[in-house]
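See structure below.
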Amino acid sequence: FVVSLDDFDKVLLEDNKTNRMVEALNVFEYIATCPFFEHTNIILLLNKKDLFLHKMRDLKVNLKDFYPEYDGSSGDYREAVNFIRQKFQAVFDKSKEHLGDDKPILECYNTVATDTENVKNVLRSCRKIILNEVLNALHE
């Protein structure tokens, strides 16, 4: 599942009022609660980290202006990304809590799609996750 970190302060073009990050969370929740994906691990790609960092540090856009519950430091990239990641993790965990110990996992990566080395590392990690999942399924 790919999310643009840069969208935290933007609205949808369709209605010009819904925050894009809120919409991404809603779509993510729909997928996470879908019966077809009940036991499926999900890989979350928080993309455009470079643009997000630029907004936070250079343009001084404060995440708290869009998420009043954010209590991290203004301009702190790591705290801000962790806050967003935790929002997705909370949705995922809530959608899987009925599964107990047998619940799938959410793997999260911060990415820059134009950074080929970053993309290679993320894809390598994704391949490992998928391969492990296939091997585990063969042993069951």
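Residue numbering restarts at 1 in every chain; chains get A, B, ... in the order shown in the structure tokens, and ligands count up from 1 in that same order.
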Can you pull out every residue within 12 Å of segment 35-45 of chain A, counting only C-alpha atoms, but drop anything in the same chain fewer than 6 positions away, and send it as a short mmCIF file (atom, residue, chain, number, x, y, z; two decimals) with C-alpha atoms, in the first residue's frame?
```cif
data_model
loop_
_atom_site.label_atom_id
_atom_site.label_comp_id
_atom_site.auth_asym_id
_atom_site.auth_seq_id
_atom_site.Cartn_x
_atom_site.Cartn_y
_atom_site.Cartn_z
CA PHE A 1 0.00 0.00 0.00
CA VAL A 2 1.58 3.29 -1.09
CA VAL A 3 0.96 6.57 0.72
CA SER A 4 2.39 9.95 -0.14
CA LEU A 5 3.84 11.52 3.01
CA ALA A 24 -5.47 7.24 2.43
CA LEU A 25 -6.19 6.00 5.96
CA PHE A 28 -6.17 1.48 3.96
CA GLU A 29 -8.80 0.58 6.57
CA VAL A 81 6.90 10.12 10.11
CA ILE A 84 1.89 8.94 10.53
CA ARG A 85 3.18 5.36 10.58
CA GLN A 86 1.50 4.82 13.95
CA LYS A 87 -1.83 6.03 12.52
CA PHE A 88 -1.65 3.30 9.86
CA GLN A 89 -0.40 0.74 12.40
CA PHE A 92 -4.12 -2.27 10.90
CA ASP A 93 -3.99 -3.56 14.49
CA LYS A 94 -7.64 -2.72 15.11
CA SER A 95 -8.68 -4.54 11.93
CA LYS A 96 -6.79 -7.68 12.99
CA GLU A 97 -7.32 -7.76 16.77
CA HIS A 98 -9.94 -10.52 16.48
CA LEU A 99 -7.24 -12.85 15.08
CA GLY A 100 -5.26 -13.00 18.33
CA ASP A 101 -1.73 -14.38 17.97
CA ASP A 102 -2.40 -15.49 14.39
CA LYS A 103 -2.61 -11.96 13.02
CA PRO A 104 -0.52 -10.84 10.04
CA ILE A 105 2.07 -8.08 10.20
CA LEU A 106 2.41 -4.62 8.72
CA GLU A 107 5.85 -3.84 7.29
CA CYS A 108 6.55 -0.14 6.81
CA TYR A 109 9.19 1.57 4.67
CA ASN A 110 9.94 5.23 4.05
CA THR A 111 10.69 5.66 0.36
CA VAL A 112 11.69 8.05 -2.38
CA ALA A 113 10.57 6.55 -5.68
CA ASN A 118 16.31 3.21 -1.86
CA VAL A 119 13.84 1.45 -4.15
CA VAL A 122 12.85 -1.73 -0.29
CA LEU A 123 12.14 -4.22 -3.10
CA SER A 125 13.16 -6.46 1.68
CA CYS A 126 9.74 -7.02 0.11
CA ARG A 127 11.02 -10.05 -1.80
CA LYS A 128 12.37 -11.52 1.46
CA ILE A 129 9.02 -11.02 3.16
CA ILE A 130 7.10 -12.61 0.30
CA ASN A 132 9.32 -16.18 3.75
CA GLU A 133 5.54 -16.12 3.53
CA VAL A 134 5.56 -18.65 0.69
CA ALA A 137 2.84 -21.68 3.73
#
```
Excluding same-chain residues fewer than 4 positions from Ala80 of chain A, what lies within 10 Å of it counting only C-alpha atoms, as a list in words?
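Residues meeting the cut-off are Leu5, Phe52, Leu53, Met56, Asn62, Leu63, Lys64, Tyr70, Asp71, Gly72, Ser73, Ser74, Gly75, Asp76, Ile84, Arg85 and Gln86 of chain A.
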Write a file of the selected residues as a PDB file, in the first residue's frame, keeping C-alpha atoms.
```
ATOM      1  CA  LEU A   5       3.839  11.520   3.012  1.00  0.00           C
ATOM      2  CA  PHE A  52       7.866  15.640   3.303  1.00  0.00           C
ATOM      3  CA  LEU A  53      11.239  16.512   4.813  1.00  0.00           C
ATOM      4  CA  MET A  56       8.874  20.119   7.516  1.00  0.00           C
ATOM      5  CA  ASN A  62       3.765  22.072  10.981  1.00  0.00           C
ATOM      6  CA  LEU A  63       2.060  18.678  11.138  1.00  0.00           C
ATOM      7  CA  LYS A  64       0.178  19.887  14.226  1.00  0.00           C
ATOM      8  CA  TYR A  70       0.371  15.368  17.047  1.00  0.00           C
ATOM      9  CA  ASP A  71       2.539  16.174  20.055  1.00  0.00           C
ATOM     10  CA  GLY A  72       5.954  15.896  18.427  1.00  0.00           C
ATOM     11  CA  SER A  73       8.358  18.716  17.750  1.00  0.00           C
ATOM     12  CA  SER A  74       7.675  21.020  14.838  1.00  0.00           C
ATOM     13  CA  GLY A  75      10.104  20.211  12.033  1.00  0.00           C
ATOM     14  CA  ASP A  76      11.196  16.866  13.502  1.00  0.00           C
ATOM     15  CA  ILE A  84       1.894   8.940  10.525  1.00  0.00           C
ATOM     16  CA  ARG A  85       3.177   5.364  10.581  1.00  0.00           C
ATOM     17  CA  GLN A  86       1.500   4.819  13.949  1.00  0.00           C
TER      18      GLN A  86
END
```
Let's see if you can do this: from backbone DSSP, list all alpha helix (DSSP H) residues in chain A, as a PyMOL selection string.
chain A and resi 20-33+49-53+77-96+116-139
For atom CA of Lys49 of chain A and atom CA of Ala32 of chain A, quote the distance in Å rounded to one decimal.
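Taking atom CA of Lys49 of chain A as the start and atom CA of Ala32 of chain A as the end point, the length is 23.3 Å.
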Please report, as a PyMOL selection string, each residue of segment 2-137 of chain A to which DSSP assigns strand (DSSP E or B) when run on this structure's backbone.
chain A and resi 2-4+11+19+42-47+106-110
For Arg20 of chain A, the nearest of the candidates A:Leu46, A:Asp115, A:Tyr67, A:Asp6, counting only C-alpha atoms
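Among the listed residues, the smallest separation from Arg20 of chain A belongs to A:Asp6.
Between atom CA of Asn26 of chain A and atom CA of Lys10 of chain A the separation is 15.3 Å.
Between atom CA of Glu79 of chain A and atom CA of Asp9 of chain A there is a distance of 16.5 Å.
Taking only C-alpha atoms into account, Thr114 of chain A lies nearest to A:Asp50 out of the set A:Glu69, A:Asp58, A:Asp50, A:Asp15.
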